[in-house]
>>> print(open('run-v4.cif').read())   # mmCIF, C-alpha atoms
data_target
loop_
_atom_site.label_atom_id
_atom_site.label_comp_id
_atom_site.auth_asym_id
_atom_site.auth_seq_id
_atom_site.Cartn_x
_atom_site.Cartn_y
_atom_site.Cartn_z
CA MET A 268 59.01 85.85 144.38
CA ARG A 269 58.42 86.01 148.15
CA TYR A 270 61.03 86.59 150.83
CA ILE A 271 61.30 84.90 154.23
CA TYR A 272 63.47 85.77 157.24
CA LEU A 273 64.19 83.02 159.79
CA HIS A 274 65.49 84.31 163.12
CA GLY A 275 67.95 82.51 165.35
CA TRP A 276 67.70 80.57 168.60
CA CYS A 277 66.57 82.65 171.61
CA SER A 278 65.74 85.46 169.20
CA GLY A 279 62.57 86.71 167.56
CA THR A 280 60.85 88.66 164.81
CA GLN A 281 61.82 92.04 166.29
CA SER A 282 65.56 91.41 166.44
CA ALA A 283 67.91 94.05 165.01
CA LYS A 284 68.55 91.93 161.91
CA ALA A 285 64.87 91.12 161.33
CA ARG A 286 63.89 94.79 161.56
CA PHE A 287 66.80 95.88 159.38
CA PHE A 288 65.94 93.53 156.52
CA SER A 289 62.22 94.22 156.83
CA HIS A 290 62.89 97.95 156.37
CA ARG A 291 65.23 97.39 153.42
CA PHE A 292 62.69 95.21 151.59
CA ALA A 293 59.92 97.73 152.31
CA GLU A 294 61.99 100.41 150.55
CA TYR A 295 61.63 98.32 147.39
CA ARG A 296 57.96 97.55 148.05
CA HIS A 297 58.52 93.94 149.01
CA GLU A 298 57.16 92.27 152.11
CA LEU A 299 59.56 90.22 154.21
CA LEU A 300 57.75 87.32 155.87
CA ALA A 301 59.22 86.72 159.32
CA PRO A 302 57.49 83.86 161.14
CA ASP A 303 57.78 83.69 164.92
CA LEU A 304 59.75 80.48 165.35
CA ASN A 305 59.03 80.51 169.09
CA PHE A 306 55.31 79.93 168.40
CA PRO A 307 53.25 78.69 170.20
CA ASP A 308 55.80 78.89 173.05
CA PHE A 309 59.55 78.67 173.59
CA GLN A 310 59.24 76.02 176.28
CA THR A 311 58.20 73.31 173.80
CA LEU A 312 60.52 74.43 170.99
CA THR A 313 62.15 71.78 168.78
CA LEU A 314 63.88 72.01 165.42
CA SER A 315 61.34 69.55 164.00
CA ARG A 316 58.47 71.84 165.02
CA GLN A 317 60.16 74.83 163.37
CA LEU A 318 60.70 72.85 160.16
CA ARG A 319 57.00 71.99 159.99
CA GLN A 320 56.06 75.61 160.62
CA VAL A 321 58.29 77.00 157.87
CA SER A 322 57.33 74.19 155.48
CA ASP A 323 53.71 75.29 155.71
CA LEU A 324 54.73 78.88 154.97
CA ILE A 325 56.82 77.89 151.94
CA GLU A 326 53.98 75.84 150.49
CA GLU A 327 51.65 78.82 150.81
CA ALA A 328 54.14 81.37 149.47
CA GLY A 329 55.28 79.61 146.28
CA GLU A 330 58.73 80.58 145.02
CA VAL A 331 60.82 82.04 147.83
CA MET A 332 64.26 83.25 148.81
CA ILE A 333 65.26 82.80 152.44
CA ILE A 334 67.45 84.84 154.77
CA GLY A 335 68.38 82.73 157.79
CA ALA A 336 70.34 83.70 160.90
CA SER A 337 72.21 81.17 163.03
CA MET A 338 69.72 78.37 163.78
CA GLY A 339 67.38 79.95 161.22
CA ALA A 340 70.11 79.41 158.62
CA MET A 341 70.27 75.74 159.63
CA LEU A 342 66.52 75.52 159.01
CA ALA A 343 66.96 77.15 155.59
CA LEU A 344 69.67 74.70 154.56
CA ILE A 345 67.62 71.67 155.61
CA LEU A 346 64.47 72.93 153.88
CA ALA A 347 66.30 73.86 150.68
CA GLU A 348 67.02 70.18 150.03
CA SER A 349 63.31 69.37 150.07
CA TYR A 350 61.62 72.36 148.40
CA GLN A 351 62.34 73.37 144.82
CA GLN A 352 60.37 76.57 145.49
CA ILE A 353 63.43 77.86 147.37
CA LYS A 354 65.51 79.74 144.79
CA GLY A 355 68.31 81.19 146.89
CA LEU A 356 69.69 81.59 150.39
CA VAL A 357 71.35 84.34 152.39
CA LEU A 358 72.90 82.80 155.51
CA LEU A 359 74.04 84.86 158.49
CA ALA A 360 76.46 83.10 160.86
CA PRO A 361 74.84 79.77 159.97
CA GLY A 362 74.52 77.06 162.59
CA ILE A 363 75.75 74.12 160.56
CA ILE A 364 76.47 71.71 163.43
CA PHE A 365 74.09 73.16 165.99
CA TYR A 366 74.04 70.35 168.56
CA PRO A 367 77.71 70.62 169.62
CA GLN A 368 77.41 74.40 169.48
CA ALA A 369 74.50 74.27 171.92
CA MET A 370 76.38 71.84 174.17
CA GLN A 371 79.51 74.00 174.41
CA PHE A 372 77.62 76.55 176.49
CA LEU A 373 76.65 73.96 179.11
CA THR A 374 78.74 72.55 181.92
CA GLU A 375 78.35 68.85 182.64
CA ALA A 376 76.42 69.78 185.78
CA GLN A 377 74.01 72.01 183.80
CA HIS A 378 73.42 69.29 181.23
CA ALA A 379 72.77 66.72 183.94
CA GLN A 380 70.38 69.10 185.70
CA TRP A 381 68.54 69.82 182.44
CA GLN A 382 68.16 66.11 181.78
CA LYS A 383 67.02 65.42 185.34
CA THR A 384 64.49 68.25 185.75
CA GLY A 385 63.39 68.42 182.11
CA TYR A 386 63.85 72.19 181.85
CA LEU A 387 66.68 74.69 181.42
CA PRO A 388 66.36 78.47 181.97
CA LEU A 389 67.87 80.40 179.06
CA MET A 390 68.19 84.11 178.43
CA HIS A 391 65.79 84.86 175.58
CA HIS A 392 66.65 88.07 173.77
CA ALA A 393 63.19 88.50 172.24
CA TYR A 394 61.55 88.55 175.67
CA GLY A 395 64.35 90.24 177.59
CA GLU A 396 64.24 87.61 180.33
CA LYS A 397 65.01 83.98 181.04
CA ARG A 398 62.60 81.39 179.67
CA LEU A 399 62.43 77.64 180.28
CA LEU A 400 63.24 75.22 177.48
CA HIS A 401 62.31 71.53 177.68
CA TYR A 402 64.96 68.82 177.27
CA ASP A 403 63.07 67.54 174.22
CA PHE A 404 64.80 70.34 172.30
CA LEU A 405 68.16 68.66 172.80
CA ARG A 406 66.84 65.16 172.11
CA ASP A 407 65.32 66.34 168.85
CA LEU A 408 68.45 68.26 167.85
CA GLN A 409 70.64 65.16 168.13
CA ASP A 410 68.70 63.54 165.29
CA PHE A 411 69.93 66.12 162.77
CA GLY A 412 73.71 66.10 163.20
CA GLU A 413 75.67 68.20 160.71
CA VAL A 414 73.83 69.75 157.76
CA GLU A 415 74.91 68.01 154.55
CA PHE A 416 73.34 70.36 151.95
CA ARG A 417 74.03 68.46 148.76
CA CYS A 418 71.83 70.51 146.40
CA PRO A 419 73.55 73.15 144.19
CA LEU A 420 71.33 76.03 145.29
CA PRO A 421 73.13 79.41 145.10
CA GLY A 422 73.65 81.32 148.30
CA LEU A 423 75.60 84.00 150.12
CA VAL A 424 77.15 83.31 153.53
CA PHE A 425 78.10 86.15 155.89
CA HIS A 426 80.09 85.30 159.01
CA GLY A 427 81.89 87.36 161.63
CA LEU A 428 85.55 86.58 162.23
CA ALA A 429 85.07 87.28 165.95
CA ASP A 430 82.01 85.04 166.31
CA ASP A 431 82.29 83.25 169.67
CA ALA A 432 78.97 81.41 169.33
CA VAL A 433 79.38 79.80 165.89
CA PRO A 434 83.06 79.74 164.84
CA PHE A 435 83.86 81.30 161.46
CA GLU A 436 85.89 78.19 160.56
CA HIS A 437 82.65 76.19 160.38
CA SER A 438 81.41 78.33 157.49
CA LYS A 439 84.84 78.39 155.87
CA THR A 440 85.03 74.59 155.81
CA PHE A 441 81.38 74.25 154.75
CA CYS A 442 81.69 76.66 151.81
CA ALA A 443 85.09 75.36 150.65
CA ILE A 444 83.50 72.24 149.12
CA ARG A 445 80.33 74.03 147.95
CA PRO A 446 81.35 76.55 145.27
CA HIS A 447 77.74 77.66 144.79
CA LEU A 448 77.93 79.27 148.26
CA LYS A 449 79.92 82.52 148.36
CA LEU A 450 81.46 83.26 151.75
CA TYR A 451 82.02 86.80 153.06
CA PRO A 452 84.23 87.03 156.19
CA LEU A 453 83.36 90.14 158.19
CA GLU A 454 84.89 92.12 161.04
CA SER A 455 82.06 91.36 163.43
CA ASP A 456 80.70 89.01 166.07
CA HIS A 457 77.75 86.59 165.99
CA GLY A 458 75.18 89.38 165.87
CA LEU A 459 76.62 91.03 162.72
CA VAL A 460 74.77 94.21 163.73
CA ASN A 461 77.69 96.54 162.94
CA VAL A 462 77.99 95.26 159.35
CA LEU A 463 74.35 95.04 158.25
CA ASP A 464 74.65 97.89 155.74
CA GLY A 465 77.56 96.12 154.07
CA ILE A 466 75.68 92.83 154.02
CA TRP A 467 72.70 94.47 152.34
CA LEU A 468 74.97 96.10 149.75
CA ARG A 469 76.25 92.66 148.74
CA ALA A 470 72.97 90.77 149.16
CA LYS A 471 70.58 93.18 147.40
CA PRO A 472 71.69 92.33 143.82
CA PHE A 473 71.26 88.63 144.68
CA LEU A 474 67.87 89.04 146.37
CA LEU A 475 66.42 91.83 144.22
CA PRO A 476 68.16 91.67 140.83
CA GLU A 477 65.46 93.82 139.23
CA SER A 478 66.43 96.74 141.49
CA THR A 479 70.06 96.93 140.34
#
>>> encode(input="run-v4.cif", output="C-alpha cells")
Amino acid sequence: MRYIYLHGWCSGTQSAKARFFSHRFAEYRHELLAPDLNFPDFQTLTLSRQLRQVSDLIEEAGEVMIIGASMGAMLALILAESYQQIKGLVLLAPGIIFYPQAMQFLTEAQHAQWQKTGYLPLMHHAYGEKRLLHYDFLRDLQDFGEVEFRCPLPGLVFHGLADDAVPFEHSKTFCAIRPHLKLYPLESDHGLVNVLDGIWLRAKPFLLPEST
C-alpha cells in the first residue's frame, strides 16, 4: 500500500498539514507521496491538469490511500470513481462544490477584471506572496460542478465547525447520504492545524491498521 497527500488550492507540499502527515507516516516507516500540484507553475493551474498529474502517480504507485485537503480532497473524490487502486480516503475540509466557493471570495468587479485581463493575483501560502492565476482555471472548474461520488469507497471526513472557506454544512450534507463516509466535526477553522493530533489519532487505525 502507498500513501498520497494532495494539498489544497494556493497551498503546497510544505504546508503544516503536509509536513505533519509526512512525519507521522515516517514514524511507521512509510513514505507519504506529496506531489506538487502547482507544477509546472501556478499561473497555468487547472483542475484538469491536476487530475492528469495525480492519475499518473496513482498508476505508478499501485494500490493507494489518499489524504486530500480542501481542493485536494475534491481531486481525491473525483479520482476515486475512476481508479480501483484507491482503497480509502481521508478528507480534510473537502471542497465538494469548489466553483461557488471560489466565486464567493470575488466581488463582481474582481471577476470582471479577471475575465478581462486574463489574470488574477492571489495570495499563495506556499510562496508567501501573491501569484497570478489565469482565467482558464475558472473556466475549467465550471465543467466539474458538484462532486457526485457514487462509489462506496470508505473514508473519513474531518471538518472544522468554524470553517469560513468551505462551510461545515457542505460536508454534513454530503456525508448524510453516504454512510461509508464517517464525518468528524471539529472545533477548528479551515486549516485544521490545531486539531491535527486528534485527526491522526482517529485516522491512523484506518490508514495503518497493521500498526494498531
>>> closest_residue(input="run-v4.cif", among="A:Leu400, A:Ala285, A:Ile363, A:Leu448", to="Pro434 (chain A)", atoms="all atoms listed in the file")
A:Ile363
>>> closest_residue(input="run-v4.cif", among="A:Pro476, A:Gly279, A:Gly355, A:Pro302", to="Cys418 (chain A)", atoms="all atoms listed in the file")
A:Gly355
>>> atom_distance(input="run-v4.cif", atom1="CA of Asp308 (chain A)", atom2="CA of His401 (chain A)")
10.9 Å
>>> closest_residue(input="run-v4.cif", among="A:Val321, A:Ala393, A:Ala429, A:Leu420", to="Glu348 (chain A)", atoms="only C-alpha atoms")
A:Leu420
>>> atom_distance(input="run-v4.cif", atom1="CA of Met332 (chain A)", atom2="CA of Tyr270 (chain A)")
5.1 Å
>>> residues_around(input="run-v4.cif", residues="Lys284 (chain A)", least_positions_apart="3", cutoff="8 Å", atoms="only C-alpha atoms", output="tab-separated table (two decimals) with C-alpha atoms, in the frame of the given file")
chain	number	residue	atom	x	y	z
A	287	PHE	CA	66.80	95.88	159.38
A	288	PHE	CA	65.94	93.53	156.52
A	460	VAL	CA	74.77	94.21	163.73
A	463	LEU	CA	74.35	95.04	158.25
>>> residues_around(input="run-v4.cif", residues="region 339-342 of chain A", least_positions_apart="5", cutoff="6 Å", atoms="only C-alpha atoms", output="CSV table (one decimal) with C-alpha atoms, keeping the file's coordinate frame")
chain,number,residue,atom,x,y,z
A,273,LEU,CA,64.2,83.0,159.8
A,274,HIS,CA,65.5,84.3,163.1
A,275,GLY,CA,68.0,82.5,165.4
A,358,LEU,CA,72.9,82.8,155.5
A,361,PRO,CA,74.8,79.8,160.0
A,362,GLY,CA,74.5,77.1,162.6
A,363,ILE,CA,75.8,74.1,160.6
>>> closest_residue(input="run-v4.cif", among="A:Tyr350, A:Phe441, A:Phe416, A:Tyr366", to="Asp323 (chain A)", atoms="all atoms listed in the file")
A:Tyr350
>>> resolve_selection(input="run-v4.cif", expression="the PyMOL selection byres ((chain A and resi 289) around 12)", output="ChimeraX atom specification")
/A:270-273,280-288,290-301,334,467
>>> residues_around(input="run-v4.cif", residues="Thr313 (chain A)", least_positions_apart="6", cutoff="12 Å", atoms="only C-alpha atoms", output="JSON, numbers by chain")
{"A": [276, 304, 305, 306, 307, 319, 320, 338, 342, 366, 400, 401, 402, 403, 404, 405, 406, 407, 408, 409, 410, 411]}
>>> write_last_selection(input="run-v4.cif", atoms="C-alpha atoms", output="compact mmCIF listing (two decimals), in the frame of the given file")
# COMPACT_ATOMS: atom_id res chain seq x y z
CA TRP A 276 67.70 80.57 168.60
CA LEU A 304 59.75 80.48 165.35
CA ASN A 305 59.03 80.51 169.09
CA PHE A 306 55.31 79.93 168.40
CA PRO A 307 53.25 78.69 170.20
CA ARG A 319 57.00 71.99 159.99
CA GLN A 320 56.06 75.61 160.62
CA MET A 338 69.72 78.37 163.78
CA LEU A 342 66.52 75.52 159.01
CA TYR A 366 74.04 70.35 168.56
CA LEU A 400 63.24 75.22 177.48
CA HIS A 401 62.31 71.53 177.68
CA TYR A 402 64.96 68.82 177.27
CA ASP A 403 63.07 67.54 174.22
CA PHE A 404 64.80 70.34 172.30
CA LEU A 405 68.16 68.66 172.80
CA ARG A 406 66.84 65.16 172.11
CA ASP A 407 65.32 66.34 168.85
CA LEU A 408 68.45 68.26 167.85
CA GLN A 409 70.64 65.16 168.13
CA ASP A 410 68.70 63.54 165.29
CA PHE A 411 69.93 66.12 162.77
>>> axis_aligned_box(input="run-v4.cif", around="region 425-443 of chain A", padding_each_side="8 Å", output="lines of an AutoDock Vina configuration file")
center_x = 82.0
center_y = 80.8
center_z = 160.2
size_x = 23.8
size_y = 29.1
size_z = 35.0
>>> atom_distance(input="run-v4.cif", atom1="CA of Lys354 (chain A)", atom2="CA of Arg269 (chain A)")
10.0 Å
>>> residues_around(input="run-v4.cif", residues="His447 (chain A)", least_positions_apart="2", cutoff="12 Å", atoms="all atoms listed in the file", output="list in words")
Gly355, Leu356, Val357, Phe416, Arg417, Cys418, Pro419, Leu420, Pro421, Gly422, Leu423, Val424, Phe441, Cys442, Ala443, Ile444, Arg445, Lys449 and Leu450 of chain A
>>> write_last_selection(input="run-v4.cif", atoms="C-alpha atoms", output="short mmCIF file (atom, residue, chain, number, x, y, z; two decimals), in the coordinates of the input")
data_model
loop_
_atom_site.label_atom_id
_atom_site.label_comp_id
_atom_site.auth_asym_id
_atom_site.auth_seq_id
_atom_site.Cartn_x
_atom_site.Cartn_y
_atom_site.Cartn_z
CA GLY A 355 68.31 81.19 146.89
CA LEU A 356 69.69 81.59 150.39
CA VAL A 357 71.35 84.34 152.39
CA PHE A 416 73.34 70.36 151.95
CA ARG A 417 74.03 68.46 148.76
CA CYS A 418 71.83 70.51 146.40
CA PRO A 419 73.55 73.15 144.19
CA LEU A 420 71.33 76.03 145.29
CA PRO A 421 73.13 79.41 145.10
CA GLY A 422 73.65 81.32 148.30
CA LEU A 423 75.60 84.00 150.12
CA VAL A 424 77.15 83.31 153.53
CA PHE A 441 81.38 74.25 154.75
CA CYS A 442 81.69 76.66 151.81
CA ALA A 443 85.09 75.36 150.65
CA ILE A 444 83.50 72.24 149.12
CA ARG A 445 80.33 74.03 147.95
CA LYS A 449 79.92 82.52 148.36
CA LEU A 450 81.46 83.26 151.75
#
>>> resolve_selection(input="run-v4.cif", expression="the PyMOL selection byres ((chain A and resi 414) around 7)", output="PyMOL selection string")
chain A and resi 345+363-364+412-413+415-416
>>> write_last_selection(input="run-v4.cif", atoms="C-alpha atoms", output="short mmCIF file (atom, residue, chain, number, x, y, z; two decimals), in the frame of the given file")
data_model
loop_
_atom_site.label_atom_id
_atom_site.label_comp_id
_atom_site.auth_asym_id
_atom_site.auth_seq_id
_atom_site.Cartn_x
_atom_site.Cartn_y
_atom_site.Cartn_z
CA ILE A 345 67.62 71.67 155.61
CA ILE A 363 75.75 74.12 160.56
CA ILE A 364 76.47 71.71 163.43
CA GLY A 412 73.71 66.10 163.20
CA GLU A 413 75.67 68.20 160.71
CA GLU A 415 74.91 68.01 154.55
CA PHE A 416 73.34 70.36 151.95
#
>>> closest_residue(input="run-v4.cif", among="A:Glu396, A:Asn461, A:Phe473, A:Lys439", to="Ile333 (chain A)", atoms="all atoms listed in the file")
A:Phe473
>>> closest_residue(input="run-v4.cif", among="A:Phe425, A:His392, A:Trp381, A:Ile466", to="Tyr451 (chain A)", atoms="all atoms listed in the file")
A:Phe425
>>> resolve_selection(input="run-v4.cif", expression="the PyMOL selection byres ((chain A and resi 430) around 9)", output="JSON, numbers by chain")
{"A": [360, 426, 427, 428, 429, 431, 432, 433, 434, 435, 455, 456, 457, 458, 459]}
